[in-house]
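Trainee: So here's structure.cif (mmCIF, C-alpha atoms).
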data_my_file
#
loop_
_atom_site.group_PDB
_atom_site.id
_atom_site.type_symbol
_atom_site.label_atom_id
_atom_site.label_comp_id
_atom_site.auth_asym_id
_atom_site.auth_seq_id
_atom_site.Cartn_x
_atom_site.Cartn_y
_atom_site.Cartn_z
ATOM 1 C CA MET A 1 121.360 36.097 -31.938
ATOM 2 C CA GLN A 2 118.128 38.010 -31.493
ATOM 3 C CA GLU A 3 116.034 36.256 -28.870
ATOM 4 C CA SER A 4 112.280 35.810 -29.013
ATOM 5 C CA ARG A 5 109.904 37.777 -26.892
ATOM 6 C CA SER A 6 109.246 34.743 -24.754
ATOM 7 C CA ALA A 7 112.967 34.654 -23.848
ATOM 8 C CA THR A 8 113.590 38.395 -23.290
ATOM 9 C CA SER A 9 110.458 39.785 -21.723
ATOM 10 C CA VAL A 10 109.496 37.201 -19.124
ATOM 11 C CA GLY A 11 107.946 39.021 -16.178
ATOM 12 C CA ARG A 12 107.817 42.371 -18.042
ATOM 13 C CA LYS A 13 104.644 44.269 -18.762
ATOM 14 C CA PHE A 14 104.415 46.431 -21.827
ATOM 15 C CA GLU A 15 102.397 49.586 -21.917
ATOM 16 C CA SER A 16 101.386 48.581 -25.512
ATOM 17 C CA ILE A 17 101.242 44.970 -26.777
ATOM 18 C CA PRO A 18 103.371 44.522 -29.960
ATOM 19 C CA MET A 19 102.055 42.815 -33.106
ATOM 20 C CA CYS A 20 103.588 41.048 -36.124
ATOM 21 C CA CYS A 21 104.473 43.632 -38.751
ATOM 22 C CA GLU A 22 103.230 41.285 -41.530
ATOM 23 C CA CYS A 23 100.201 39.291 -40.360
ATOM 24 C CA GLY A 24 99.219 41.515 -37.376
ATOM 25 C CA ILE A 25 98.895 38.771 -34.761
ATOM 26 C CA THR A 26 99.558 39.790 -31.148
ATOM 27 C CA ILE A 27 103.017 38.979 -29.877
ATOM 28 C CA ASP A 28 102.805 37.633 -26.353
ATOM 29 C CA ASP A 29 104.997 35.443 -24.182
ATOM 30 C CA ASN A 30 103.832 32.267 -25.971
ATOM 31 C CA THR A 31 104.336 33.570 -29.525
ATOM 32 C CA LYS A 32 107.394 32.470 -31.426
ATOM 33 C CA ALA A 33 108.705 35.681 -33.018
ATOM 34 C CA LEU A 34 111.839 37.784 -33.624
ATOM 35 C CA GLN A 35 112.372 41.467 -32.907
ATOM 36 C CA CYS A 36 114.248 43.786 -35.300
ATOM 37 C CA GLU A 37 117.813 44.116 -34.113
ATOM 38 C CA ARG A 38 118.028 47.876 -34.882
ATOM 39 C CA CYS A 39 114.684 49.472 -34.117
ATOM 40 C CA VAL A 40 114.476 48.363 -30.500
ATOM 41 C CA ILE A 41 112.580 51.486 -29.502
ATOM 42 C CA ASN A 42 109.803 50.899 -32.060
ATOM 43 C CA GLU A 43 109.806 47.222 -31.161
ATOM 44 C CA THR A 44 109.180 45.889 -34.687
ATOM 45 C CA TRP A 45 108.310 42.165 -34.468
ATOM 46 C CA LYS A 46 107.722 39.361 -36.988
ATOM 47 C CA CYS A 47 106.283 35.947 -36.138
ATOM 48 C CA ALA A 48 108.010 32.687 -37.043
ATOM 49 C CA ALA A 49 105.234 31.736 -39.454
ATOM 50 C CA CYS A 50 105.776 34.902 -41.515
ATOM 51 C CA LEU A 51 109.538 34.273 -41.357
ATOM 52 C CA ASP A 52 108.824 30.819 -42.852
ATOM 53 C CA LEU A 53 110.420 29.095 -39.853
ATOM 54 C CA SER A 54 109.003 25.858 -38.501
ATOM 55 C CA ASP A 55 108.625 25.461 -34.761
ATOM 56 C CA GLU A 56 111.450 22.930 -34.651
ATOM 57 C CA LEU A 57 113.836 25.143 -36.642
ATOM 58 C CA TYR A 58 112.894 28.199 -34.616
ATOM 59 C CA ASP A 59 113.573 26.412 -31.306
ATOM 60 C CA GLN A 60 116.857 25.028 -32.622
ATOM 61 C CA LEU A 61 118.115 28.420 -33.787
ATOM 62 C CA VAL A 62 117.040 30.237 -30.655
ATOM 63 C CA CYS A 63 118.340 27.681 -28.157
ATOM 64 C CA SER A 64 121.659 26.893 -29.893
ATOM 65 C CA GLY A 65 124.669 28.908 -28.713
ATOM 66 C CA LYS A 66 126.520 28.252 -32.005
ATOM 67 C CA ASN A 67 124.059 30.164 -34.201
ATOM 68 C CA ASN A 68 124.112 33.940 -34.636
ATOM 69 C CA LEU A 69 120.591 34.688 -35.825
ATOM 70 C CA HIS A 70 119.856 38.244 -37.021
ATOM 71 C CA TRP A 71 116.647 39.745 -38.322
ATOM 72 C CA PHE A 72 116.046 43.293 -39.551
ATOM 73 C CA CYS A 73 112.851 44.918 -40.665
ATOM 74 C CA GLU A 74 112.779 46.295 -44.203
ATOM 75 C CA ARG A 75 113.847 49.800 -43.183
ATOM 76 C CA CYS A 76 116.657 48.645 -40.932
ATOM 77 C CA GLU A 77 117.829 45.995 -43.452
ATOM 78 C CA VAL A 78 118.683 48.729 -45.984
ATOM 79 C CA ILE A 79 120.739 50.577 -43.357
ATOM 80 C CA ALA A 80 122.488 47.376 -42.187
ATOM 81 C CA LEU A 81 123.445 46.362 -45.711
ATOM 82 C CA ALA A 82 124.746 49.826 -46.530
ATOM 83 C CA ALA A 83 126.869 49.870 -43.385
ATOM 84 C CA GLY A 84 128.298 46.403 -44.132
ATOM 85 C CA SER A 85 129.209 47.206 -47.736
ATOM 86 C CA SER A 86 132.396 49.028 -46.628
ATOM 87 C CA GLY A 87 133.777 45.728 -45.226
ATOM 88 C CA SER A 88 133.276 43.743 -48.443
ATOM 89 C CA ASP A 89 137.001 43.983 -49.267
ATOM 90 C CA LYS A 90 137.779 42.142 -46.059
ATOM 91 C CA ILE A 91 134.980 39.597 -46.558
ATOM 92 C CA SER A 92 135.956 38.559 -50.128
ATOM 93 C CA PRO A 93 139.266 36.900 -49.120
ATOM 94 C CA LEU A 94 137.429 35.074 -46.376
ATOM 95 C CA ILE A 95 134.857 33.823 -48.875
ATOM 96 C CA GLU A 96 137.628 32.644 -51.204
ATOM 97 C CA LYS A 97 139.281 30.818 -48.322
ATOM 98 C CA LEU A 98 135.941 29.235 -47.477
ATOM 99 C CA HIS A 99 135.530 28.089 -51.081
ATOM 100 C CA ALA A 100 139.045 26.641 -51.117
ATOM 101 C CA LYS A 101 138.426 24.927 -47.807
ATOM 102 C CA ASN A 102 135.149 23.567 -49.154
ATOM 103 C CA ASP A 103 136.962 22.163 -52.217
ATOM 104 C CA ASP A 104 139.543 20.535 -49.963
ATOM 105 C CA ILE A 105 136.829 19.006 -47.826
ATOM 106 C CA GLU A 106 135.002 17.731 -50.928
ATOM 107 C CA GLN A 107 138.187 16.154 -52.305
ATOM 108 C CA HIS A 108 138.934 14.614 -48.937
ATOM 109 C CA ILE A 109 135.449 13.108 -48.844
ATOM 110 C CA ILE A 110 135.902 11.708 -52.388
ATOM 111 C CA ASP A 111 139.268 10.189 -51.492
ATOM 112 C CA THR A 112 137.873 8.739 -48.282
ATOM 113 C CA LEU A 113 134.918 7.190 -50.123
ATOM 114 C CA ALA A 114 137.255 5.707 -52.753
ATOM 115 C CA LYS A 115 139.458 4.149 -50.073
ATOM 116 C CA PHE A 116 136.403 2.840 -48.270
ATOM 117 C CA GLU A 117 135.037 1.350 -51.507
ATOM 118 C CA GLN A 118 138.373 -0.355 -52.219
ATOM 119 C CA LYS A 119 138.471 -1.751 -48.688
ATOM 120 C CA VAL A 120 134.938 -3.080 -49.122
ATOM 121 C CA LEU A 121 135.853 -4.732 -52.450
ATOM 122 C CA ASP A 122 138.976 -6.251 -50.911
ATOM 123 C CA ARG A 123 136.950 -7.537 -48.005
ATOM 124 C CA VAL A 124 134.313 -9.020 -50.328
ATOM 125 C CA GLY A 125 137.049 -10.722 -52.375
ATOM 126 C CA ALA A 126 138.600 -12.149 -49.215
ATOM 127 C CA VAL A 127 135.213 -13.455 -48.081
ATOM 128 C CA GLU A 128 134.597 -15.073 -51.482
ATOM 129 C CA ASP A 129 138.023 -16.754 -51.359
ATOM 130 C CA MET A 130 137.313 -17.988 -47.846
ATOM 131 C CA LEU A 131 133.932 -19.403 -48.869
ATOM 132 C CA GLN A 132 135.509 -21.105 -51.912
ATOM 133 C CA ARG A 133 138.196 -22.717 -49.786
ATOM 134 C CA LYS A 134 135.586 -23.798 -47.249
ATOM 135 C CA ALA A 135 133.464 -25.393 -49.979
ATOM 136 C CA GLU A 136 136.503 -27.243 -51.338
ATOM 137 C CA ASN A 137 137.471 -28.404 -47.856
ATOM 138 C CA ASP A 138 133.931 -29.616 -47.190
ATOM 139 C CA MET A 139 133.948 -31.578 -50.463
ATOM 140 C CA LEU A 140 137.324 -33.141 -49.659
ATOM 141 C CA GLN A 141 136.154 -34.090 -46.191
ATOM 142 C CA SER A 142 133.031 -35.685 -47.643
ATOM 143 C CA ILE A 143 135.085 -37.735 -50.135
ATOM 144 C CA GLU A 144 137.551 -38.785 -47.441
ATOM 145 C CA CYS A 145 134.684 -39.786 -45.178
ATOM 146 C CA ARG A 146 133.165 -41.984 -47.892
ATOM 147 C CA LEU A 147 136.530 -43.549 -48.691
ATOM 148 C CA GLN A 148 137.079 -44.240 -45.008
ATOM 149 C CA LYS A 149 133.697 -45.964 -44.803
ATOM 150 C CA ILE A 150 134.619 -48.123 -47.776
ATOM 151 C CA GLU A 151 137.990 -48.978 -46.246
ATOM 152 C CA ASP A 152 136.306 -49.838 -42.972
ATOM 153 C CA ARG A 153 134.092 -52.437 -44.701
ATOM 154 C CA PRO A 154 136.482 -54.689 -46.702
ATOM 155 C CA VAL A 155 134.681 -57.817 -45.519
ATOM 156 C CA VAL A 156 131.434 -56.648 -47.100
ATOM 157 C CA ILE A 157 133.189 -55.989 -50.403
ATOM 158 C CA GLU A 158 134.803 -59.436 -50.356
ATOM 159 C CA GLU A 159 131.443 -61.051 -49.660
ATOM 160 C CA ILE A 160 129.878 -59.213 -52.579
ATOM 161 C CA GLN A 161 132.720 -60.275 -54.871
ATOM 162 C CA GLN A 162 132.394 -63.911 -53.738
ATOM 163 C CA ARG A 163 128.639 -63.897 -54.360
ATOM 164 C CA LEU A 164 129.195 -62.493 -57.838
ATOM 165 C CA GLN A 165 131.813 -65.155 -58.572
ATOM 166 C CA ASP A 166 129.455 -67.894 -57.386
ATOM 167 C CA LYS A 167 126.719 -66.554 -59.657
ATOM 168 C CA VAL A 168 129.105 -66.534 -62.626
ATOM 169 C CA ASP A 169 130.236 -70.103 -61.909
ATOM 170 C CA GLN A 170 126.648 -71.276 -61.621
ATOM 171 C CA LEU A 171 125.721 -69.623 -64.916
ATOM 172 C CA LYS A 172 128.701 -71.251 -66.610
ATOM 173 C CA GLN A 173 127.753 -74.658 -65.234
ATOM 174 C CA ASN A 174 124.133 -74.263 -66.364
ATOM 175 C CA MET A 175 125.249 -73.201 -69.819
ATOM 176 C CA ASP A 176 127.995 -75.790 -70.411
ATOM 177 C CA GLU A 177 125.832 -78.839 -71.275
ATOM 178 C CA PRO A 178 123.404 -77.082 -73.682
ATOM 179 C CA VAL A 179 126.251 -75.210 -75.304
ATOM 180 C CA VAL A 180 128.294 -78.373 -75.841
ATOM 181 C CA GLN A 181 125.293 -80.165 -77.294
ATOM 182 C CA ALA A 182 124.480 -77.249 -79.570
ATOM 183 C CA VAL A 183 128.095 -77.080 -80.760
ATOM 184 C CA GLN A 184 128.122 -80.801 -81.511
ATOM 185 C CA GLU A 185 124.865 -80.578 -83.474
ATOM 186 C CA ALA A 186 126.233 -77.610 -85.394
ATOM 187 C CA LEU A 187 129.421 -79.529 -86.211
ATOM 188 C CA GLN A 188 127.456 -82.560 -87.372
ATOM 189 C CA GLY A 189 125.292 -80.360 -89.541
ATOM 190 C CA ASP A 190 128.366 -78.703 -91.016
ATOM 191 C CA LYS A 191 129.904 -82.094 -91.789
ATOM 192 C CA ALA A 192 126.719 -83.316 -93.489
ATOM 193 C CA GLU A 193 126.541 -80.113 -95.490
ATOM 194 C CA GLU A 194 130.186 -80.461 -96.510
ATOM 195 C CA THR A 195 129.536 -84.078 -97.611
ATOM 196 C CA GLU A 196 126.539 -82.993 -99.665
ATOM 197 C CA ILE A 197 128.562 -80.199 -101.226
ATOM 198 C CA ASP A 198 131.342 -82.602 -102.163
ATOM 199 C CA ARG A 199 128.799 -85.023 -103.640
ATOM 200 C CA ARG A 200 127.144 -82.309 -105.679
ATOM 201 C CA LYS A 201 130.446 -81.232 -107.172
ATOM 202 C CA THR A 202 130.215 -84.235 -109.558
ATOM 203 C CA ASN A 203 126.538 -83.663 -110.460
ATOM 204 C CA VAL A 204 125.545 -82.475 -113.942
ATOM 205 C CA ILE A 205 122.077 -81.162 -114.847
ATOM 206 C CA VAL A 206 121.082 -81.758 -118.454
ATOM 207 C CA HIS A 207 118.132 -80.106 -120.181
ATOM 208 C CA GLY A 208 116.045 -81.406 -123.072
ATOM 209 C CA VAL A 209 116.840 -85.106 -122.834
ATOM 210 C CA PRO A 210 113.792 -87.067 -124.103
ATOM 211 C CA GLU A 211 112.036 -88.904 -121.316
ATOM 212 C CA SER A 212 110.373 -92.300 -121.493
ATOM 213 C CA ASP A 213 106.642 -92.568 -120.720
ATOM 214 C CA ALA A 214 107.008 -95.896 -118.882
ATOM 215 C CA GLU A 215 104.711 -96.438 -115.879
ATOM 216 C CA ASP A 216 105.555 -99.727 -114.124
ATOM 217 C CA ALA A 217 108.763 -100.732 -112.410
ATOM 218 C CA GLU A 218 110.217 -102.720 -115.327
ATOM 219 C CA ASP A 219 109.627 -99.805 -117.680
ATOM 220 C CA GLU A 220 111.298 -97.483 -115.139
ATOM 221 C CA GLU A 221 114.479 -99.576 -115.264
ATOM 222 C CA GLN A 222 114.308 -99.446 -119.023
ATOM 223 C CA ARG A 223 113.931 -95.640 -118.824
ATOM 224 C CA ILE A 224 117.054 -95.358 -116.651
ATOM 225 C CA ASP A 225 119.034 -97.492 -119.088
ATOM 226 C CA ASN A 226 117.880 -95.307 -121.973
ATOM 227 C CA ASP A 227 118.918 -92.142 -120.088
ATOM 228 C CA MET A 228 122.364 -93.675 -119.363
ATOM 229 C CA MET A 229 122.880 -94.488 -123.030
ATOM 230 C CA VAL A 230 121.843 -90.944 -124.076
ATOM 231 C CA LEU A 231 124.273 -89.378 -121.640
ATOM 232 C CA ALA A 232 127.140 -91.658 -122.700
ATOM 233 C CA THR A 233 126.537 -90.725 -126.346
ATOM 234 C CA MET A 234 126.383 -87.017 -125.398
ATOM 235 C CA PHE A 235 129.729 -87.150 -123.550
ATOM 236 C CA GLN A 236 131.302 -88.945 -126.509
ATOM 237 C CA GLU A 237 130.083 -86.290 -128.935
ATOM 238 C CA VAL A 238 131.511 -83.442 -126.840
ATOM 239 C CA LYS A 239 134.719 -85.475 -126.480
ATOM 240 C CA VAL A 240 134.567 -85.878 -122.724
ATOM 241 C CA GLU A 241 136.455 -89.042 -121.930
ATOM 242 C CA ASN A 242 137.133 -91.060 -118.796
ATOM 243 C CA VAL A 243 133.758 -90.090 -117.296
ATOM 244 C CA THR A 244 131.521 -92.648 -115.635
ATOM 245 C CA VAL A 245 127.866 -91.966 -114.830
ATOM 246 C CA ASP A 246 126.991 -93.547 -111.507
ATOM 247 C CA SER A 247 123.265 -92.775 -111.510
ATOM 248 C CA VAL A 248 120.572 -90.893 -113.380
ATOM 249 C CA VAL A 249 117.766 -89.068 -111.568
ATOM 250 C CA ARG A 250 114.908 -87.074 -113.068
ATOM 251 C CA LEU A 251 114.163 -83.923 -111.057
ATOM 252 C CA GLY A 252 110.612 -82.966 -110.179
ATOM 253 C CA LYS A 253 107.248 -84.609 -110.695
ATOM 254 C CA LYS A 254 106.575 -86.465 -113.926
ATOM 255 C CA GLY A 255 104.279 -84.558 -116.276
ATOM 256 C CA ALA A 256 101.194 -85.759 -118.158
ATOM 257 C CA ASP A 257 103.150 -85.940 -121.440
ATOM 258 C CA PRO A 258 106.839 -86.534 -120.613
ATOM 259 C CA THR A 259 107.772 -86.695 -124.262
ATOM 260 C CA GLN A 260 106.767 -83.063 -124.753
ATOM 261 C CA ASN A 261 108.047 -81.648 -121.426
ATOM 262 C CA PRO A 262 110.871 -83.895 -120.241
ATOM 263 C CA ARG A 263 112.144 -83.386 -116.723
ATOM 264 C CA LEU A 264 115.733 -82.371 -116.015
#
Could you express the structure from this file as structure tokens?
Mentor:
Amino acid sequence: MQESRSATSVGRKFESIPMCCECGITIDDNTKALQCERCVINETWKCAACLDLSDELYDQLVCSGKNNLHWFCERCEVIALAAGSSGSDKISPLIEKLHAKNDDIEQHIIDTLAKFEQKVLDRVGAVEDMLQRKAENDMLQSIECRLQKIEDRPVVIEEIQQRLQDKVDQLKQNMDEPVVQAVQEALQGDKAEETEIDRRKTNVIVHGVPESDAEDAEDEEQRIDNDMMVLATMFQEVKVENVTVDSVVRLGKKGADPTQNPRL
């Protein structure tokens, strides 16, 4: 590797101070620059800025023992390339080997990444399974804890059940008397309704029977007798025998002219 002037000429004094062949700055002990590897006598120099090298990269290349840095001026570069062209037959197999090695390295990296990805997925799946089992265990423990608390308090449950039973008994006792009375009244009402229904089974409503216009009590008895006679004659005409009329009742309020609008 071609060293910089600061590394090769410490303590030396030049009869003429060299300059950068491109920008013309003076090359001194503090300038970061490279000297042409062939024209040592002419001392052709080029600064790191014109070589497009940063200070960090320049220091790394110069100080590292693994790098073999070469720089040639334009005139010497033509000569160096011409001299190296005769060894191209030996270089080509090396380049092919480098390409093959590079392919192998690339494939190895791909395989390694795939294995690493699979390991990560397996690990994530294992963690998910572990978390699921932990959640299930926590739920089971919570249920068991609650059941244990319930089992530890049977006396409280029995007290609650007894209080509920007492409330039910009290409600039954409070409801018994009114319910019995209501049932009895309902039964009595049903019996009265059944009696009325049986009585009405023998009732007959007749329309258009002339009505007497009697006002006092004696005339009213006469009216009832007249109605009885009319009904008996009517039953005889329709040939209904063995029928006895117990009573005759006019329905509704008596009109102003009962002869024209007789009541039922």
Trainee: Need the axis-aligned box for segment 27-46 of chain A with 6 Å each side, so what are the centre and edges in Å to one decimal, as JSON?
Mentor:
{"center_x": 110.4, "center_y": 41.9, "center_z": -30.6, "size_x": 27.2, "size_y": 31.2, "size_z": 24.8}
Trainee: Out of A:Asp122, A:Asn102, A:Glu37, A:Trp45, which residue has the shortest atom-to-atom distance to Gly24 of chain A when counting all atoms listed in the file?
Mentor: A:Trp45
Trainee: Report as a list in words all protein, DNA and RNA residues lying within 8 Å of Tyr58 of chain A, evaluated on all atoms listed in the file, omitting residues in the same chain fewer than 5 positions from it.
Mentor: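 Once the adjacent positions are removed, what remains is Lys32, Ala48 and Leu53 of chain A.
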Trainee: Kindly give the distance, in Å, that separates atom CA of Ala82 of chain A and atom CA of Cys39 of chain A, rounded to a single decimal.
Mentor: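 Interatomic distance here is 16.0 Å.
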Trainee: May I ask for the distance between atom CA of Trp71 of chain A and atom CA of Gln35 of chain A, given in Å to one decimal place?
Mentor: 7.1 Å
Trainee: Choose the residue, out of A:Glu221, A:Asp227, A:Glu74, A:Asp111, that has the smallest atom-to-atom separation from Val206 of chain A; count all atoms listed in the file.
Mentor: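 With all atoms listed in the file as the atom set, the closest residue is A:Asp227.
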